[in-house]
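Since the structure comes first, as structure tokens, the remarks are kept for the end.
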There are 2 protein chains.
Amino acid sequence: MKILREIAEFIHRKDRFLITSHAGPDGDSLGTALALAEALDQLGKTVDVVNADPVPRMYESLPGIDRVIVSSEVKASYDALIVLECCNLERTGVEGLERFAAVNIDHHLKNDEFGELNWIDPKAAAVGEMIFLLFGELGVRITPEMASNLYVALLTDTGSFHFSNTTAETFRVAGELVSAGADPAQIAQTVLMNQPESRLRLLCRVLSSLEFDSSGRVAWLSLTQEMLEKTGSSADDSEGMVNYALSVEGVRVCAFFKQKRAQFYRVSLRSRGDEDVSEVAQHYGGGGHRNAAGMSLEGPFEEVRDRVLNRLTSLVS
Amino acid sequence: MKILREIAEFIHRKDRFLITSHAGPDGDSLGTALALAEALDQLGKTVDVVNADPVPRMYESLPGIDRVIVSSEVKASYDALIVLECCNLERTGVEGLERFAAVNIDHHLKNDEFGELNWIDPKAAAVGEMIFLLFGELGVRITPEMASNLYVALLTDTGSFHFSNTTAETFRVAGELVSAGADPAQIAQTVLMNQPESRLRLLCRVLSSLEFDSSGRVAWLSLTQEMLEKTGSSADDSEGMVNYALSVEGVRVCAFFKQKRAQFYRVSLRSRGDEDVSEVAQHYGGGGHRNAAGMSLEGPFEEVRDRVLNRLTSLVS
């Protein structure tokens, strides 16, 4: 692939690199940034990894995680910038990046192509899957630490290989990473099976809120500030819980109403098949994809809920 | 591999086959049996698939599932028997099998090698992974339906690629199955994301029972007959819930006490690392592996619980 060769040549030409990714880092952006940093180390480059937001607890065990600098401004000087999983530079949440020659690597469809080199592959399950190919082009040796970090990227961005971005190539790369020293069970245990007790207490309360419309095709869950307080949880702890509503047989679309403050709700929408929840999200000024979207709404809970459920009900009828 | 060649030759020589697997069928035994049956169809053989127990609800969507005959006795005549995932013939729960020439295919360490041909590979994540190799030897074409069934075997027997049986070979085979037409997202949705509402209601109650010892290294959950009645759940619905206790940070070992009737409990044990819960299970006349074991105990709940917790506590101290 031409772009791969160009990026490899670009990397070989430069010395001092800054790697960054989107604010609110996840397994794909962190794992890939760390693996790439180690690859550049191998090539004798100087590398900093910067993110605007702190590392979420579940990723604290990633090899090399201590090298992530949490900062929303870059003052040092670099020869080049590598930006992972960002549609534009603003998405990084980091200021002072415009002055560097940038390589832009992303797997989302919409991307502003802001880089000197832009490698956008919407078919890739994760940027980790793309970076694996770049390592081949760069001729670096994939250490067990690099393999583990890229495996975290694949595992988390595919929802344990459950999401529709999972392809034959994803599995091929996962297999190569295991051959290179990634331990799937140990990583699943450390990254996924390592939740605070408060999260399970919260899950229990959120599940208690489960309701359905009369058709059984629409389900919803809700989370209140009181639930967070009573369980000692943070809003982040509710990540992924929306999927429990979708997992019930017969349910086609679901909503998760997360109270952010009095009369203000963040709403996550999910659907199973052809039902396009992004339409509903867009109607309320939000966005997303066909099967996963979200928006914010103001008002009393019952009012917010009914507005959303009316739209969801007409989606499945 | 010699045994693969021998099994392929055995299959080519015979005409009428009976495929069976262990009682209480799971994704690996059912998916593999159905894929193998379709392979034998392709070769022009006559094939019956028999299981002693009904198909669990989550596997009702497997392609070809209607061909599974639920019976605990075989009276018809066959040239050969293929037994999947059974340490001995009793494990099938089906009577009348002794008179057939048997091929015995299993991935568990302990196996009585009761067959005319025995192919035991404890390194395989699932018998589905083994059968994929046999298809290569047999020269059959892997249809999308066969690929889907084998993918179900891999997905469920590895716990979505989280368990320690997941290897580079598992991912290689998964990738080949996706190339052959298995749809990972659709299968995950249909098989895993398709639970009855009652199961979520039960999960909520079971999670409410979560407790820890003072070290935070031992956790336990319990399930009562009353919980099953109040939620309209069956005992099968509690499958997998023990893992919630193990998923809490700091927990090394956990127990799940499932009341079967008054003063009688089935206890599932899990551990994260080196702690060997099979020792505890064996002490009480049960069995299992290092990280997953179980036994039955009689007595009032508090007594049963304390007996088990004492043993678990000494395991982690």
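Residues are referred to by chain and number: the chain letter is A, B, ... according to the order shown in the structure tokens, the number counts from 1 in that chain, and ligands are numbered separately from 1 in the order shown.
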*Pick out the residues sitting within 6 Å of region 204-213 of chain A, and hand them over as a list in words; count only C-alpha atoms, and ignore anything fewer than 4 positions along from it in its own chain.*
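What passes the distance filter is Val218, Ala219, Trp220, Leu221, Ser222 and Leu223 of chain A; Cys204 of chain B.
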With C-alpha atoms retained, export the selected residues as an mmCIF file, in the first residue's frame.
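Result saved to out-v9.cif:
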```cif
data_model
loop_
_atom_site.group_PDB
_atom_site.id
_atom_site.type_symbol
_atom_site.label_atom_id
_atom_site.label_comp_id
_atom_site.auth_asym_id
_atom_site.auth_seq_id
_atom_site.Cartn_x
_atom_site.Cartn_y
_atom_site.Cartn_z
ATOM 1 C CA VAL A 218 -38.084 -1.041 22.882
ATOM 2 C CA ALA A 219 -36.253 -1.226 26.226
ATOM 3 C CA TRP A 220 -34.723 1.440 28.424
ATOM 4 C CA LEU A 221 -32.544 1.867 31.459
ATOM 5 C CA SER A 222 -31.866 4.892 33.583
ATOM 6 C CA LEU A 223 -29.181 6.162 35.896
ATOM 7 C CA CYS B 204 -29.913 -8.174 39.467
#
```
Chain B contacts to chain A at 8 Å (only C-alpha atoms) as a PDB file with C-alpha atoms, in the first residue's frame:
```pdb
ATOM      1  CA  SER B 160     -15.550 -14.665  23.710  1.00  0.00           C
ATOM      2  CA  PHE B 161     -11.788 -15.302  23.481  1.00  0.00           C
ATOM      3  CA  HIS B 162     -11.270 -14.410  27.148  1.00  0.00           C
ATOM      4  CA  PHE B 163     -10.312 -17.846  28.506  1.00  0.00           C
ATOM      5  CA  SER B 164      -6.786 -19.211  28.720  1.00  0.00           C
ATOM      6  CA  ASN B 165      -7.524 -21.858  26.070  1.00  0.00           C
ATOM      7  CA  THR B 166      -7.473 -19.048  23.451  1.00  0.00           C
ATOM      8  CA  THR B 167      -4.353 -19.422  21.307  1.00  0.00           C
ATOM      9  CA  ALA B 168      -2.908 -18.041  18.090  1.00  0.00           C
ATOM     10  CA  GLU B 169      -4.385 -21.111  16.370  1.00  0.00           C
ATOM     11  CA  THR B 170      -7.851 -20.256  17.757  1.00  0.00           C
ATOM     12  CA  PHE B 171      -7.647 -16.830  16.141  1.00  0.00           C
ATOM     13  CA  ARG B 172      -6.255 -18.273  12.919  1.00  0.00           C
ATOM     14  CA  ALA B 174     -11.692 -17.910  13.657  1.00  0.00           C
ATOM     15  CA  GLY B 175     -10.312 -15.760  10.815  1.00  0.00           C
ATOM     16  CA  GLU B 176     -10.667 -18.620   8.320  1.00  0.00           C
ATOM     17  CA  LEU B 177     -14.248 -19.184   9.472  1.00  0.00           C
ATOM     18  CA  VAL B 178     -15.088 -15.507   8.961  1.00  0.00           C
ATOM     19  CA  SER B 179     -13.549 -15.719   5.481  1.00  0.00           C
ATOM     20  CA  PRO B 184     -19.021 -12.603  14.177  1.00  0.00           C
ATOM     21  CA  ALA B 185     -21.351  -9.726  15.101  1.00  0.00           C
ATOM     22  CA  GLN B 186     -24.507 -11.454  13.969  1.00  0.00           C
ATOM     23  CA  ALA B 188     -22.632 -12.756  19.018  1.00  0.00           C
ATOM     24  CA  GLN B 189     -25.982 -10.953  18.834  1.00  0.00           C
ATOM     25  CA  LEU B 192     -24.975 -14.225  23.399  1.00  0.00           C
ATOM     26  CA  MET B 193     -27.076 -11.059  23.212  1.00  0.00           C
ATOM     27  CA  ASN B 194     -30.412 -12.823  23.347  1.00  0.00           C
ATOM     28  CA  GLN B 195     -31.319 -13.510  26.931  1.00  0.00           C
ATOM     29  CA  PRO B 196     -34.803 -13.671  28.439  1.00  0.00           C
ATOM     30  CA  GLU B 197     -35.813 -10.675  30.518  1.00  0.00           C
ATOM     31  CA  LEU B 200     -31.535  -9.961  33.773  1.00  0.00           C
ATOM     32  CA  ARG B 201     -33.979  -9.777  36.676  1.00  0.00           C
ATOM     33  CA  LEU B 203     -28.783 -11.233  37.571  1.00  0.00           C
ATOM     34  CA  CYS B 204     -29.913  -8.174  39.467  1.00  0.00           C
ATOM     35  CA  ARG B 205     -30.890 -10.266  42.499  1.00  0.00           C
ATOM     36  CA  LEU B 207     -25.562  -9.302  42.189  1.00  0.00           C
ATOM     37  CA  SER B 208     -27.361  -7.931  45.254  1.00  0.00           C
ATOM     38  CA  TYR B 244     -19.199 -11.229  37.999  1.00  0.00           C
ATOM     39  CA  LEU B 246     -14.354 -12.755  39.938  1.00  0.00           C
ATOM     40  CA  SER B 247     -14.413  -9.578  37.859  1.00  0.00           C
ATOM     41  CA  VAL B 248     -14.098  -7.291  40.885  1.00  0.00           C
ATOM     42  CA  GLU B 249     -10.634  -5.811  41.306  1.00  0.00           C
ATOM     43  CA  GLY B 250      -8.616  -7.499  44.030  1.00  0.00           C
ATOM     44  CA  ARG B 272      -7.963 -15.799  38.700  1.00  0.00           C
TER      45      ARG B 272
END
```
_List the spatial neighbours of Gly27 (chain A) as a PyMOL selection string - criterion: any atom at most 8 Å away, only C-alpha atoms, same-chain residues fewer than 6 positions off excluded._
chain A and resi 59+152-153+156-157
Got time to write the residues from that selection, C-alpha atoms, as a PDB file, in the first residue's frame?
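Okay, out_32.pdb is ready:
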```
ATOM      1  CA  TYR A  59      -5.863   0.732  31.124  1.00  0.00           C
ATOM      2  CA  VAL A 152      -5.837  -4.410  23.898  1.00  0.00           C
ATOM      3  CA  ALA A 153      -6.690  -2.094  20.993  1.00  0.00           C
ATOM      4  CA  THR A 156     -11.652  -3.269  23.343  1.00  0.00           C
ATOM      5  CA  ASP A 157     -12.565  -1.637  20.015  1.00  0.00           C
TER       6      ASP A 157
END
```
*Could you work out how far CA of Leu62 (chain A) lies from CA of Ala125 (chain B), giving the answer in Å with one decimal?*
25.6 Å
*Pick out the closest residue to Lys260 (chain A) from this set: A:Thr224, A:Ser21, A:Thr231, A:Ser238. Count only C-alpha atoms.*
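That would be A:Thr224, the residue with the smallest distance to Lys260 (chain A).
Here the DSSP assignment of strand (DSSP E or B), based on backbone atoms, applies within region 31-176 of chain B to Thr46, Val47, Asp48, Val49, Val50, Asn51, Val68, Ile69, Val70, Glu73, Ala80, Leu81, Ile82, Val83, Leu84, Glu95, Ala101, Ala102, Val103, Asn104, Ile105, Asp106, Leu117, Asn118, Trp119 and Ile120 of chain B.
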Export of the given selection (C-alpha atoms) as a PDB file, in the first residue's frame:
```pdb
ATOM      1  CA  THR B  46     -26.279 -40.713   5.976  1.00  0.00           C
ATOM      2  CA  VAL B  47     -26.020 -38.869   9.289  1.00  0.00           C
ATOM      3  CA  ASP B  48     -28.061 -38.622  12.475  1.00  0.00           C
ATOM      4  CA  VAL B  49     -27.213 -36.226  15.300  1.00  0.00           C
ATOM      5  CA  VAL B  50     -28.396 -37.353  18.732  1.00  0.00           C
ATOM      6  CA  ASN B  51     -28.186 -35.701  22.130  1.00  0.00           C
ATOM      7  CA  VAL B  68     -30.678 -32.718  16.510  1.00  0.00           C
ATOM      8  CA  ILE B  69     -32.654 -35.725  17.781  1.00  0.00           C
ATOM      9  CA  VAL B  70     -33.177 -35.566  21.549  1.00  0.00           C
ATOM     10  CA  GLU B  73     -31.407 -44.376  23.622  1.00  0.00           C
ATOM     11  CA  ALA B  80     -20.002 -45.772  12.863  1.00  0.00           C
ATOM     12  CA  LEU B  81     -20.271 -43.423  15.784  1.00  0.00           C
ATOM     13  CA  ILE B  82     -18.508 -40.079  16.171  1.00  0.00           C
ATOM     14  CA  VAL B  83     -18.413 -38.877  19.770  1.00  0.00           C
ATOM     15  CA  LEU B  84     -17.501 -35.256  20.513  1.00  0.00           C
ATOM     16  CA  GLU B  95     -27.661 -45.829  25.794  1.00  0.00           C
ATOM     17  CA  ALA B 101     -17.178 -48.529  15.946  1.00  0.00           C
ATOM     18  CA  ALA B 102     -16.449 -45.150  17.512  1.00  0.00           C
ATOM     19  CA  VAL B 103     -14.281 -42.166  16.648  1.00  0.00           C
ATOM     20  CA  ASN B 104     -13.608 -40.248  19.852  1.00  0.00           C
ATOM     21  CA  ILE B 105     -12.736 -36.547  19.454  1.00  0.00           C
ATOM     22  CA  ASP B 106     -12.112 -34.476  22.570  1.00  0.00           C
ATOM     23  CA  LEU B 117      -9.801 -44.056  16.833  1.00  0.00           C
ATOM     24  CA  ASN B 118      -9.079 -41.471  19.542  1.00  0.00           C
ATOM     25  CA  TRP B 119      -8.087 -37.899  18.778  1.00  0.00           C
ATOM     26  CA  ILE B 120      -7.509 -36.003  22.011  1.00  0.00           C
TER      27      ILE B 120
END
```
*CA of Ser296 (chain A) and CA of His22 (chain A) are how many Å apart?*
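Spanning CA of Ser296 (chain A) to CA of His22 (chain A) is a straight-line distance of 20.7 Å.
Those residues of region 26-113 of chain A that DSSP, working from the backbone, places in alpha helix (DSSP H) are Gly27, Asp28, Ser29, Leu30, Gly31, Thr32, Ala33, Leu34, Ala35, Leu36, Ala37, Glu38, Ala39, Leu40, Asp41 and Gln42 of chain A.
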*Write out as a PyMOL selection string each polymer residue whose atoms come within 12 Å of His289 (chain A), counting only C-alpha atoms; drop sequence neighbours fewer than 4 positions from it.*
chain A and resi 108-110+164+268-282+293-294
*Tell me which of B:Glu98, B:Glu60, B:Glu302, B:Asp79 sits closest to Leu18 (chain B), counting only C-alpha atoms.*
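Closest to Leu18 (chain B), using only C-alpha atoms: B:Asp79.
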*Record the distance separating CA of Gly93 (chain B) and CA of Gly299 (chain B), expressed in Å with one decimal.*
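Pair CA of Gly93 (chain B) / CA of Gly299 (chain B) returns 29.1 Å.
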*Distance criterion (only C-alpha atoms): nearest to Val253 (chain A) out of A:His283, A:Lys230, A:Arg217, A:Arg5*: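 Once distances to Val253 (chain A) are computed over only C-alpha atoms, the minimum belongs to A:Arg217.
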_Residues near Ala39 (chain A), anyone? I mean within 10 Å using only C-alpha atoms, not counting same-chain ones fewer than 3 positions away, as a ChimeraX atom specification._
/A:33-36,42-45,47,134-135,138-143,146
*Which neighbours of Leu312 (chain A) fall inside 9 Å, counting only C-alpha atoms, when residues of the same chain fewer than 2 positions from it are skipped, and could you give them as a ChimeraX atom specification?*
/A:218,253-255,277,280,307-310,314-317
